[in-house]
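First comes the structure, then the notes that go with it.
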Amino acid sequence: MATHVTSLAGKGPQDSARKEYGSVAGNRWIQLVCGIIAMIVISNYQYAFTLFTPGMKQTFTGVPYAKIAAVFSAFILFETWPMPVAGYFVDKFGIRKLMTFGAICIALGWVLGGTIATSPLGLYVYYGVISGTGAGIIYISCVANAVKWFPDKRGLAVGLTAAGFGGGAALTIMPIANSIHSLGWARAMAYWGLGQGIIACAAALVLRHPPSGWVPAGWDQRAKHLHKAVVQSKVNFTWIQTLGRPEFYLLYAMFFFACAGGLIATGNLSQIAKSLHVSDAKVWGFAIVPLAATLTSLCNALSRIIWGTVSDWLGREYTMFITFGVEAVLVYLVTRVAGSPIGFLVLFSFVFLFWGEIYSLFSATTGDVFGPKNASANYGMVYTAKGAASVFAGFGAAALAAYFGGSFAVPFYISAVLCGVAAIFSLFVLRPLIRGRIANETPVPGATGVRTALAQATPLTQPPTATKLKKEEPVTKAG
């Protein structure tokens, strides 16, 4: 089977996305804002879950908490594992159709979960499968769109987009908590699900991928002003070629390692507060769990913006080394704040300030290493590591806590070690691996450059002679 590789070098006539899409959809900053809005509405499906768990425990009497926590694991699994397929269809058929389907799914999932679910099994299907699939489609669509529209500010763009998901819940945690208090968890879930689906549908009407070959005006990947801290491949890897590269599997393992600690906190915050003897405390007149969820969401959002921007200048690998290393220490310290409500709030805020960046750094790195053309499918595959981590962070962490008398210390110890390993890998394994490969990609177009690109992108089991090169696409400058 032939493998197609597209060179990123090219020149063409001046044209613009605005000419093709109009002044609204053709404006990349409007594309970014609409993507952020869509990410905000799906953030509650992950970050507000802990607010529903006390009500679920009362409704489903006699059901062990680990089985309720498994709803969270089911959501993360179906948010992540179908993502490569969704990403492939987004790249192939465009963003609008897939986004609309995703919006319908997130609305149905919470509406059905709040109206007809009579057991955790029902929530596995409605909250987990249906809402998870819809949220995954919206997530990969928006992140990949930011990668494609902002090759010159990739860390910042994906940081802002991911911040919508990580921090959007800060705007709604308190209103959702109040809705649960006045309406009950089920009715609150149904109402919020319907509203969130409508907003996501509206955002889908605007979103577009940039025209083929488009780059921002005045930007040239080969120019000297491109900061040397960030290296970008001159080849667009297909998802099959990506699976043939060792750096994909390294990124996957690092994502899993760095993701676990924050997911444990996200899915089990209510029970962690209980195990640390602060669940009944009030700080500044607010119940501690909703307040902590709000503060951690804000820090989560800031993390994605700050560290995504820093990575554009410092480099992805150095930024990973710093943030993952600090996170390892913070996750360990979680086990040392029992009985201190202020310590609980402060420490978990910092945990998320050094955790949320993974969703900026890994998406930007995937676009850098494997090219932007197939970013939806390629990052979708990397992102499934979050689904694998959720099994440990949701059901696994709850089961371990039950075994150790309700304490989450052991899951956090394990997470601290994994995060430290990810920090070491980022600097001493990932950095030399990807930079060595990209340095050998010849940027000069023509037979020599094409031959080198093919040698880099083609799996070793396939002869280079079987590879076909697509005709170079004209580069369209933004007007």
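Chains: A, B, ... in order of the structure tokens. Residues: from 1 per chain. Ligands: from 1, in order shown.
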
Quick one: which range 201-266 of chain A residues come within 12 Å of range 344-368 of chain A, and what is the nearest atom pair for each with the distance in Å to one decimal, counting only C-alpha atoms, rows ordered by chain and ascending number, as CSV?
```
residue,atom,partner,partner_atom,distance
A:Gln221,CA,A:Asp368,CA,11.2
A:Ala229,CA,A:Asp368,CA,11.7
A:Val230,CA,A:Asp368,CA,8.0
A:Val231,CA,A:Asp368,CA,6.6
A:Gln232,CA,A:Asp368,CA,4.3
A:Ser233,CA,A:Asp368,CA,5.8
A:Lys234,CA,A:Asp368,CA,9.0
A:Val235,CA,A:Asp368,CA,9.7
A:Asn236,CA,A:Gly367,CA,9.1
A:Phe237,CA,A:Gly367,CA,9.8
A:Thr238,CA,A:Gly367,CA,11.8
A:Trp239,CA,A:Thr366,CA,11.4
A:Thr242,CA,A:Thr366,CA,9.7
A:Arg245,CA,A:Thr366,CA,11.9
A:Glu247,CA,A:Thr366,CA,9.7
A:Phe248,CA,A:Thr366,CA,8.4
A:Tyr249,CA,A:Thr366,CA,11.6
A:Leu250,CA,A:Phe362,CA,11.2
A:Leu251,CA,A:Phe362,CA,7.5
A:Tyr252,CA,A:Phe362,CA,9.2
A:Ala253,CA,A:Phe362,CA,11.4
A:Met254,CA,A:Phe362,CA,9.2
A:Phe255,CA,A:Ile358,CA,7.3
A:Phe256,CA,A:Ile358,CA,10.1
A:Phe257,CA,A:Ile358,CA,10.6
A:Ala258,CA,A:Ile358,CA,7.3
A:Cys259,CA,A:Ile358,CA,7.4
A:Ala260,CA,A:Trp355,CA,9.6
A:Gly261,CA,A:Trp355,CA,8.2
A:Gly262,CA,A:Trp355,CA,6.2
A:Leu263,CA,A:Trp355,CA,9.4
A:Ile264,CA,A:Val351,CA,11.3
A:Ala265,CA,A:Phe348,CA,8.1
A:Thr266,CA,A:Phe352,CA,9.4
```

Mind dumping the selected residues with N, CA and C atoms as a CSV table (one decimal), in the first residue's frame?
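The result, written out as out_34.csv:
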```
chain,number,residue,atom,x,y,z
A,221,GLN,N,8.2,28.7,7.8
A,221,GLN,CA,8.8,27.7,8.7
A,221,GLN,C,10.3,27.7,8.6
A,229,ALA,N,14.4,26.9,20.0
A,229,ALA,CA,13.9,26.1,21.1
A,229,ALA,C,12.9,25.1,20.7
A,230,VAL,N,12.1,25.4,19.7
A,230,VAL,CA,11.1,24.5,19.2
A,230,VAL,C,11.5,24.1,17.8
A,231,VAL,N,11.5,22.7,17.6
A,231,VAL,CA,11.8,22.2,16.2
A,231,VAL,C,10.5,21.6,15.7
A,232,GLN,N,10.2,21.8,14.4
A,232,GLN,CA,9.0,21.3,13.7
A,232,GLN,C,9.4,20.5,12.5
A,233,SER,N,8.7,19.3,12.4
A,233,SER,CA,8.9,18.4,11.3
A,233,SER,C,8.5,19.1,10.0
A,234,LYS,N,9.3,18.8,8.9
A,234,LYS,CA,8.9,19.3,7.6
A,234,LYS,C,8.1,18.3,6.8
A,235,VAL,N,7.6,17.2,7.5
A,235,VAL,CA,6.8,16.2,6.9
A,235,VAL,C,5.5,16.0,7.7
A,236,ASN,N,4.4,15.8,6.9
A,236,ASN,CA,3.1,15.5,7.5
A,236,ASN,C,3.0,13.9,7.6
A,237,PHE,N,3.0,13.4,8.8
A,237,PHE,CA,2.9,12.0,8.9
A,237,PHE,C,1.4,11.5,9.0
A,238,THR,N,1.1,10.5,8.2
A,238,THR,CA,-0.2,9.9,8.4
A,238,THR,C,-0.3,9.2,9.7
A,239,TRP,N,-1.5,8.8,10.1
A,239,TRP,CA,-1.6,8.1,11.4
A,239,TRP,C,-0.9,6.7,11.4
A,242,THR,N,2.8,7.5,11.9
A,242,THR,CA,3.0,7.9,13.2
A,242,THR,C,3.1,6.7,14.2
A,245,ARG,N,6.6,5.2,14.5
A,245,ARG,CA,7.7,5.9,15.0
A,245,ARG,C,7.9,5.7,16.5
A,247,GLU,N,9.0,7.7,18.8
A,247,GLU,CA,8.7,8.8,19.6
A,247,GLU,C,7.2,8.9,19.9
A,248,PHE,N,6.3,8.2,19.1
A,248,PHE,CA,4.9,8.2,19.4
A,248,PHE,C,4.7,7.4,20.7
A,249,TYR,N,5.3,6.3,20.9
A,249,TYR,CA,5.2,5.4,22.0
A,249,TYR,C,5.8,6.1,23.3
A,250,LEU,N,6.9,6.8,23.1
A,250,LEU,CA,7.4,7.5,24.2
A,250,LEU,C,6.5,8.6,24.7
A,251,LEU,N,5.9,9.4,23.8
A,251,LEU,CA,4.9,10.4,24.1
A,251,LEU,C,3.7,9.8,24.8
A,252,TYR,N,3.3,8.6,24.3
A,252,TYR,CA,2.2,8.0,24.9
A,252,TYR,C,2.4,7.6,26.4
A,253,ALA,N,3.6,7.0,26.6
A,253,ALA,CA,3.9,6.6,28.0
A,253,ALA,C,4.1,7.8,28.9
A,254,MET,N,4.7,8.9,28.4
A,254,MET,CA,4.9,10.1,29.2
A,254,MET,C,3.5,10.7,29.6
A,255,PHE,N,2.6,10.7,28.6
A,255,PHE,CA,1.3,11.3,28.8
A,255,PHE,C,0.6,10.5,30.0
A,256,PHE,N,0.6,9.2,29.9
A,256,PHE,CA,0.0,8.3,30.9
A,256,PHE,C,0.6,8.7,32.3
A,257,PHE,N,2.0,8.7,32.3
A,257,PHE,CA,2.6,8.9,33.6
A,257,PHE,C,2.3,10.3,34.2
A,258,ALA,N,2.3,11.3,33.4
A,258,ALA,CA,2.1,12.7,33.9
A,258,ALA,C,0.6,13.0,34.2
A,259,CYS,N,-0.3,12.2,33.6
A,259,CYS,CA,-1.7,12.4,33.7
A,259,CYS,C,-2.4,11.9,34.9
A,260,ALA,N,-1.8,10.8,35.5
A,260,ALA,CA,-2.5,10.1,36.5
A,260,ALA,C,-2.9,10.9,37.8
A,261,GLY,N,-1.9,11.6,38.3
A,261,GLY,CA,-2.1,12.3,39.6
A,261,GLY,C,-3.3,13.3,39.5
A,262,GLY,N,-3.3,14.2,38.5
A,262,GLY,CA,-4.4,15.1,38.3
A,262,GLY,C,-5.7,14.5,38.1
A,263,LEU,N,-5.8,13.4,37.4
A,263,LEU,CA,-7.0,12.7,37.2
A,263,LEU,C,-7.6,12.1,38.5
A,264,ILE,N,-6.7,11.6,39.3
A,264,ILE,CA,-7.1,11.1,40.6
A,264,ILE,C,-7.8,12.2,41.4
A,265,ALA,N,-7.2,13.4,41.4
A,265,ALA,CA,-7.8,14.5,42.1
A,265,ALA,C,-9.1,15.0,41.5
A,266,THR,N,-9.2,15.0,40.1
A,266,THR,CA,-10.4,15.4,39.4
A,266,THR,C,-11.6,14.5,39.7
```

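Computed from the coordinates, the CA of Ala338 in chain A to CA of Ala273 in chain A distance equals 8.6 Å.
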
Practice problem: Using only C-alpha atoms, determine which residues lie at most 10 Å from range 44-51 of chain A, disregarding the query and same-chain residues fewer than 6 positions distant; provide the list as number ranges by chain. | Solution: A: 69, 71-73, 75-76, 79, 106, 109-110, 127-128, 131-132, 135, 165-174, 176-177, 180, 185, 189, 192-193, 196, 263, 265-271, 289-290, 293-294, 296-297

Practice problem: Just list the residues in range 45-282 of chain A DSSP gives strand (DSSP E or B) on the backbone, as a PyMOL selection string. | Solution: chain A and resi 214-215+235-236+282

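With only C-alpha atoms taken into account, the protein and nucleic acid residues at most 9 Å from Ala190 in chain A (excluding it and anything under 4 positions from it in its own chain) are Ala107, Leu108, Gly109, Trp110, Val111, Leu112, Gly113, Gly114, Thr115, Trp185, Ala186, Leu194 and Gly195 of chain A.
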
Would you write out those residues with N, CA and C atoms, as an mmCIF file, in the first residue's frame?
```
data_model
loop_
_atom_site.group_PDB
_atom_site.id
_atom_site.type_symbol
_atom_site.label_atom_id
_atom_site.label_comp_id
_atom_site.auth_asym_id
_atom_site.auth_seq_id
_atom_site.Cartn_x
_atom_site.Cartn_y
_atom_site.Cartn_z
ATOM 1 N N ALA A 107 -25.350 16.573 24.810
ATOM 2 C CA ALA A 107 -26.681 16.928 25.312
ATOM 3 C C ALA A 107 -27.456 15.667 25.707
ATOM 4 N N LEU A 108 -27.476 14.672 24.828
ATOM 5 C CA LEU A 108 -28.219 13.442 25.109
ATOM 6 C C LEU A 108 -27.687 12.720 26.345
ATOM 7 N N GLY A 109 -26.367 12.669 26.475
ATOM 8 C CA GLY A 109 -25.779 11.924 27.569
ATOM 9 C C GLY A 109 -26.238 12.398 28.935
ATOM 10 N N TRP A 110 -26.182 13.714 29.156
ATOM 11 C CA TRP A 110 -26.584 14.232 30.467
ATOM 12 C C TRP A 110 -28.104 14.275 30.615
ATOM 13 N N VAL A 111 -28.821 14.536 29.538
ATOM 14 C CA VAL A 111 -30.290 14.542 29.631
ATOM 15 C C VAL A 111 -30.795 13.146 29.993
ATOM 16 N N LEU A 112 -30.297 12.128 29.306
ATOM 17 C CA LEU A 112 -30.728 10.759 29.596
ATOM 18 C C LEU A 112 -30.216 10.308 30.963
ATOM 19 N N GLY A 113 -28.973 10.690 31.299
ATOM 20 C CA GLY A 113 -28.430 10.317 32.596
ATOM 21 C C GLY A 113 -29.219 10.908 33.745
ATOM 22 N N GLY A 114 -29.780 12.090 33.545
ATOM 23 C CA GLY A 114 -30.531 12.747 34.606
ATOM 24 C C GLY A 114 -31.998 12.413 34.632
ATOM 25 N N THR A 115 -32.493 11.741 33.593
ATOM 26 C CA THR A 115 -33.933 11.479 33.530
ATOM 27 C C THR A 115 -34.302 9.994 33.602
ATOM 28 N N TRP A 185 -29.365 16.141 42.000
ATOM 29 C CA TRP A 185 -28.308 15.916 41.019
ATOM 30 C C TRP A 185 -28.854 15.527 39.647
ATOM 31 N N ALA A 186 -29.941 14.768 39.588
ATOM 32 C CA ALA A 186 -30.442 14.251 38.314
ATOM 33 C C ALA A 186 -31.040 15.358 37.449
ATOM 34 N N LEU A 194 -28.658 19.893 28.416
ATOM 35 C CA LEU A 194 -29.373 20.486 27.290
ATOM 36 C C LEU A 194 -28.766 21.834 26.899
ATOM 37 N N GLY A 195 -28.501 22.679 27.886
ATOM 38 C CA GLY A 195 -27.941 23.991 27.592
ATOM 39 C C GLY A 195 -26.557 23.914 26.968
#
```

Practice problem: Could you please determine the separation between CA of Gln31 in chain A and CA of Ser141 in chain A in Å, to one decimal place? | Solution: 11.4 Å
